[in-house]
Amino acid sequence: MASEEPTPTPLERPGRAADAAAADDPGDRPIALELESVTKRYAETTAVDGVSLSVREGEFFTLVGPSGCGKTTTLRLIAGFESPTEGSVRFHGEDVTGTPPEERDVGVVFQNYALFPHMSVGENVAYGLNFADPPGGVSKSGRVRELLELVDLEGMADREPDQLSGGQQQRVAIARALAPGPDVLLLDEPMSALDAQLRERLRVQVRAIQKELGITTVYVTHDQEEALAISDRVSVMRAGAPEQVAPPREIYRRPETRFVAEFVGDNNVFDGTVRSVEGRGANGRQRAALEVGTETFAVDLQDREVSVGDEVTFCVRPENLRIGAGVNATTAIVASAEFLGETTRVHLEWYGQELLVRTRDPLSGDVTVGFEPEDAHVVAIDRTV
Ligand SMILES: Nc1ncnc2c1ncn2[C@@H]1O[C@H](COP(=O)(O)OP(=O)(O)OP(=O)(O)O)[C@@H](O)[C@H]1O
């Protein structure tokens with residue numbers, strides 16, 4: 001008799017949220033939405049280029065990348081505002097490629113709030129119901145009240161949108177998108193119109209709302225720091241396709257390509273040639289001696305296999321470049337410094353290449369920097385054979 005039970009509202013989805021919370025690894029949850037080999041072309045431009053990805057139930061999944069890499073188009077393909085030139089979109093295994101947006105059970109939040117200025121906050125949220133009855137058998141006003149409570153705007157129903165701050169307006173837009181109890185929430189750069197402080201506060205609130213509802217969420221941003229802070233998994237996109245899809249820590253610590261290494265956070269990227277490969281050290285990993293210009297550095301290979309003569313690209317995060325360190329030591333010249341409060345970001349000149357290092361103490365002149373072999377991460381190998 002399940003079909004006779006009222007549809008649960010998102011606020012009443014503790015089962016789903018609890019299930020999602022119980023499964024620590026999002027990889028254990030069923031797939032909520034999937035793109036398979038999706039391409040979108042506009043005349044000369046290929047906006048999305050053969051993208052395959054899947055998002056699990058209750059997952060917060062972020063598309064991040066530079067301007068024009070296809071983030072918004074990917075989101076619009078999921079929403080149904082665009083149809084793919086090739087490929088298919090599936091929700092819970094069901095093909096929705098030809099299904100119009102209003103039949104897809106998605107709530108969408110755009111960058112510019114898009115609230116109706118002549119309607120009150122409460123009327124704006126109620127509009128999200130699209131004249132349908134509220135889910136869960138609650139009254140329309142009850143539904144508006146519970147949504148405003150969810151987004152921390154209780155008591156604001158009678159205000160006009162222009163009496164609210166940008167962050168509050170965006171929370172009204174989120175409440176409106178959630179009103180009909182959608183299965184999936186899609187957010188396209190929802191914070192880019194806000195100042196830095198508001199953005200940081202709103203991203204904590206958005207994550208809390210998403211977790212409370214356990215709602216599958218796809219989020220678009222060009223801000224890599226925001227992507228790392230808010231997501232379960234991140235897809236770093238480049239030229240219409242994902243370059244790496246992984247949890248934030250993995251994206252940061254183990255970027256798979258030079259592009260990801262350079263796009264996400266500060267990094268020092270080196271190109272070297274393998275001169276020798278040592279056996280496994282105490283940590284069980286192989287270590288290579290890499291010639292970079294006139295220097296030779298010892299680099300842990302983690303699980304990568306290299307041969308003598310291979311060209312290898314590796315990176316070392318600025319916080320892992322140690323001043324005065326004895327291991328892998330080399331000399332660089334201080335070019336400039338930016339005081340950031342907790343730390344200072346120092347730009348060093350090193351054989352025509354810029355290196356970044358983070359320190360607490362002021363630096364000047366010539367400095368010795370080094371890094372531990374295990375703090376280097378190999379991002380690409382160009383084999384000689
Ligand atoms: N309706 C359209 N007609 C023609 N080209 C389009 C259309 N929409 C997007 N494009 C092009 O497709 C590419 C991807 O655009 P998209 O908006 O998806 O990128 P984005 O990563 O979201 O960029 P941004 O961060 O600047 O919003 C761009 O080159 C863009 O100019």
# chains A, B, ... in the order shown; residues from 1 in each chain; ligands from 1
call {"tool": "select_by_dssp", "arguments": {"residues": "segment 73-220 of chain A", "states": "strand (DSSP E or B)", "output": "MDAnalysis selection string"}}
result
chainID A and resid 86:91 94:95 106:109 184:188 216:220
call {"tool": "write_last_selection", "arguments": {"atoms": "C-alpha atoms", "output": "compact mmCIF listing (two decimals), in the first residue's frame"}}
result
# COMPACT_ATOMS: atom_id res chain seq x y z
CA GLU A 86 24.60 12.79 -27.71
CA GLY A 87 24.37 10.57 -24.65
CA SER A 88 21.81 10.05 -21.92
CA VAL A 89 20.76 11.31 -18.50
CA ARG A 90 19.30 8.91 -15.93
CA PHE A 91 17.61 9.49 -12.59
CA GLU A 94 15.44 5.71 -15.42
CA ASP A 95 16.24 7.46 -18.70
CA VAL A 106 14.63 18.81 -9.40
CA GLY A 107 14.85 22.12 -7.57
CA VAL A 108 17.12 24.73 -9.13
CA VAL A 109 18.80 27.75 -7.54
CA VAL A 184 17.64 16.55 -6.43
CA LEU A 185 18.82 20.09 -5.67
CA LEU A 186 20.85 21.90 -8.35
CA LEU A 187 22.71 25.10 -7.49
CA ASP A 188 24.46 27.24 -10.10
CA THR A 216 21.24 14.74 -3.52
CA THR A 217 22.88 18.00 -4.55
CA VAL A 218 24.85 19.13 -7.58
CA TYR A 219 26.64 22.42 -7.08
CA VAL A 220 28.44 24.58 -9.63
call {"tool": "closest_atom_pairs", "arguments": {"of": "chain A", "to": "ligand 1", "cutoff": "8 Å", "atoms": "only C-alpha atoms and all ligand atoms", "output": "JSON lines"}}
result
{"residue": "A:Arg41", "atom": "CA", "partner": "ligand 1", "partner_atom_place_in_ligand_line": "12 (O)", "distance": 7.7}
{"residue": "A:Tyr42", "atom": "CA", "partner": "ligand 1", "partner_atom_place_in_ligand_line": "4 (C)", "distance": 4.8}
{"residue": "A:Ala43", "atom": "CA", "partner": "ligand 1", "partner_atom_place_in_ligand_line": "4 (C)", "distance": 6.9}
{"residue": "A:Thr45", "atom": "CA", "partner": "ligand 1", "partner_atom_place_in_ligand_line": "12 (O)", "distance": 5.9}
{"residue": "A:Thr46", "atom": "CA", "partner": "ligand 1", "partner_atom_place_in_ligand_line": "12 (O)", "distance": 6.4}
{"residue": "A:Ala47", "atom": "CA", "partner": "ligand 1", "partner_atom_place_in_ligand_line": "12 (O)", "distance": 3.8}
{"residue": "A:Val48", "atom": "CA", "partner": "ligand 1", "partner_atom_place_in_ligand_line": "14 (C)", "distance": 6.9}
{"residue": "A:Val64", "atom": "CA", "partner": "ligand 1", "partner_atom_place_in_ligand_line": "21 (O)", "distance": 7.8}
{"residue": "A:Gly65", "atom": "CA", "partner": "ligand 1", "partner_atom_place_in_ligand_line": "21 (O)", "distance": 6.3}
{"residue": "A:Pro66", "atom": "CA", "partner": "ligand 1", "partner_atom_place_in_ligand_line": "25 (O)", "distance": 6.0}
{"residue": "A:Ser67", "atom": "CA", "partner": "ligand 1", "partner_atom_place_in_ligand_line": "26 (O)", "distance": 3.6}
{"residue": "A:Gly68", "atom": "CA", "partner": "ligand 1", "partner_atom_place_in_ligand_line": "19 (O)", "distance": 3.5}
{"residue": "A:Cys69", "atom": "CA", "partner": "ligand 1", "partner_atom_place_in_ligand_line": "21 (O)", "distance": 3.8}
{"residue": "A:Gly70", "atom": "CA", "partner": "ligand 1", "partner_atom_place_in_ligand_line": "18 (O)", "distance": 3.2}
{"residue": "A:Lys71", "atom": "CA", "partner": "ligand 1", "partner_atom_place_in_ligand_line": "21 (O)", "distance": 4.0}
{"residue": "A:Thr72", "atom": "CA", "partner": "ligand 1", "partner_atom_place_in_ligand_line": "22 (O)", "distance": 3.6}
{"residue": "A:Thr73", "atom": "CA", "partner": "ligand 1", "partner_atom_place_in_ligand_line": "18 (O)", "distance": 3.7}
{"residue": "A:Thr74", "atom": "CA", "partner": "ligand 1", "partner_atom_place_in_ligand_line": "18 (O)", "distance": 6.4}
{"residue": "A:Val220", "atom": "CA", "partner": "ligand 1", "partner_atom_place_in_ligand_line": "22 (O)", "distance": 7.7}
{"residue": "A:Thr221", "atom": "CA", "partner": "ligand 1", "partner_atom_place_in_ligand_line": "25 (O)", "distance": 7.1}
{"residue": "A:His222", "atom": "CA", "partner": "ligand 1", "partner_atom_place_in_ligand_line": "25 (O)", "distance": 5.8}
{"residue": "A:Met237", "atom": "CA", "partner": "ligand 1", "partner_atom_place_in_ligand_line": "21 (O)", "distance": 7.9}
{"residue": "A:Ala239", "atom": "CA", "partner": "ligand 1", "partner_atom_place_in_ligand_line": "14 (C)", "distance": 7.9}
{"residue": "A:Gly240", "atom": "CA", "partner": "ligand 1", "partner_atom_place_in_ligand_line": "14 (C)", "distance": 6.9}
call {"tool": "closest_residue", "arguments": {"among": "A:Gln353, A:Gln163, A:Gln210, A:Ser276", "to": "Gly58 of chain A", "atoms": "only C-alpha atoms"}}
result
A:Gln210
call {"tool": "select_by_dssp", "arguments": {"residues": "segment 123-372 of chain A", "states": "helix (DSSP H, G or I)", "output": "ChimeraX atom specification"}}
result
/A:123-127,135-137,140-150,161-163,166-178,196-213,224-230,248-253,258-263,318-320
call {"tool": "atom_distance", "arguments": {"atom1": "atom CA of Pro318 of chain A", "atom2": "atom CA of Leu355 of chain A"}}
result
7.9 Å
call {"tool": "residues_around", "arguments": {"residues": "segment 360-377 of chain A", "least_positions_apart": "2", "cutoff": "6 Å", "atoms": "only C-alpha atoms", "output": "short mmCIF file (atom, residue, chain, number, x, y, z; two decimals) with C-alpha atoms, in the first residue's frame"}}
result
data_model
loop_
_atom_site.label_atom_id
_atom_site.label_comp_id
_atom_site.auth_asym_id
_atom_site.auth_seq_id
_atom_site.Cartn_x
_atom_site.Cartn_y
_atom_site.Cartn_z
CA ALA A 298 64.50 12.34 -4.13
CA VAL A 299 60.77 11.78 -4.67
CA ASP A 300 58.54 9.04 -3.26
CA PHE A 314 55.60 16.24 -9.68
CA CYS A 315 54.29 18.85 -7.27
CA VAL A 316 55.02 20.02 -3.75
CA LEU A 321 58.35 23.46 1.10
CA ARG A 322 60.49 23.93 4.21
CA ILE A 323 62.85 26.80 4.80
CA GLY A 324 66.39 25.72 5.66
CA ALA A 325 65.51 22.05 5.26
CA VAL A 327 66.48 17.14 2.53
CA ASN A 328 66.20 18.00 -1.18
CA ALA A 329 67.73 21.38 -0.33
CA THR A 330 68.14 24.03 -3.00
CA THR A 331 68.72 27.78 -2.99
CA ALA A 332 66.16 30.35 -4.19
CA ILE A 333 65.83 34.14 -4.04
CA VAL A 334 62.94 35.94 -2.34
CA THR A 343 50.91 32.98 7.27
CA THR A 344 52.85 34.87 4.63
#
call {"tool": "closest_residue", "arguments": {"among": "A:Ala208, A:Ala177, A:Val172, A:Leu301", "to": "Gly284 of chain A", "atoms": "only C-alpha atoms"}}
result
A:Leu301
call {"tool": "atom_distance", "arguments": {"atom1": "atom CA of Glu291 of chain A", "atom2": "atom CA of Asp271 of chain A"}}
result
8.5 Å
call {"tool": "atom_distance", "arguments": {"atom1": "atom CA of Ile230 of chain A", "atom2": "atom CA of Gly167 of chain A"}}
result
16.5 Å
call {"tool": "residues_around", "arguments": {"residues": "Val55 of chain A", "least_positions_apart": "2", "cutoff": "6 Å", "atoms": "only C-alpha atoms", "output": "list in words"}}
result
Ile31, Ala32 and Leu33 of chain A
call {"tool": "closest_residue", "arguments": {"among": "A:Ser141, A:Asn320, A:Asn112, A:Thr39", "to": "Ala126 of chain A", "atoms": "only C-alpha atoms"}}
result
A:Ser141
call {"tool": "residues_around", "arguments": {"residues": "Val144 of chain A", "least_positions_apart": "3", "cutoff": "12 Å", "atoms": "only C-alpha atoms", "output": "PyMOL selection string"}}
result
chain A and resi 11+120-129+133-135+138-141+147-151+153-158+172+174-181
call {"tool": "closest_residue", "arguments": {"among": "A:Glu278, A:Asp232, A:Glu305, A:Glu319", "to": "Gly265 of chain A", "atoms": "only C-alpha atoms"}}
result
A:Glu319
call {"tool": "closest_residue", "arguments": {"among": "A:Leu115, A:Val245, A:Val204, A:Ile209", "to": "Asp162 of chain A", "atoms": "only C-alpha atoms"}}
result
A:Leu115
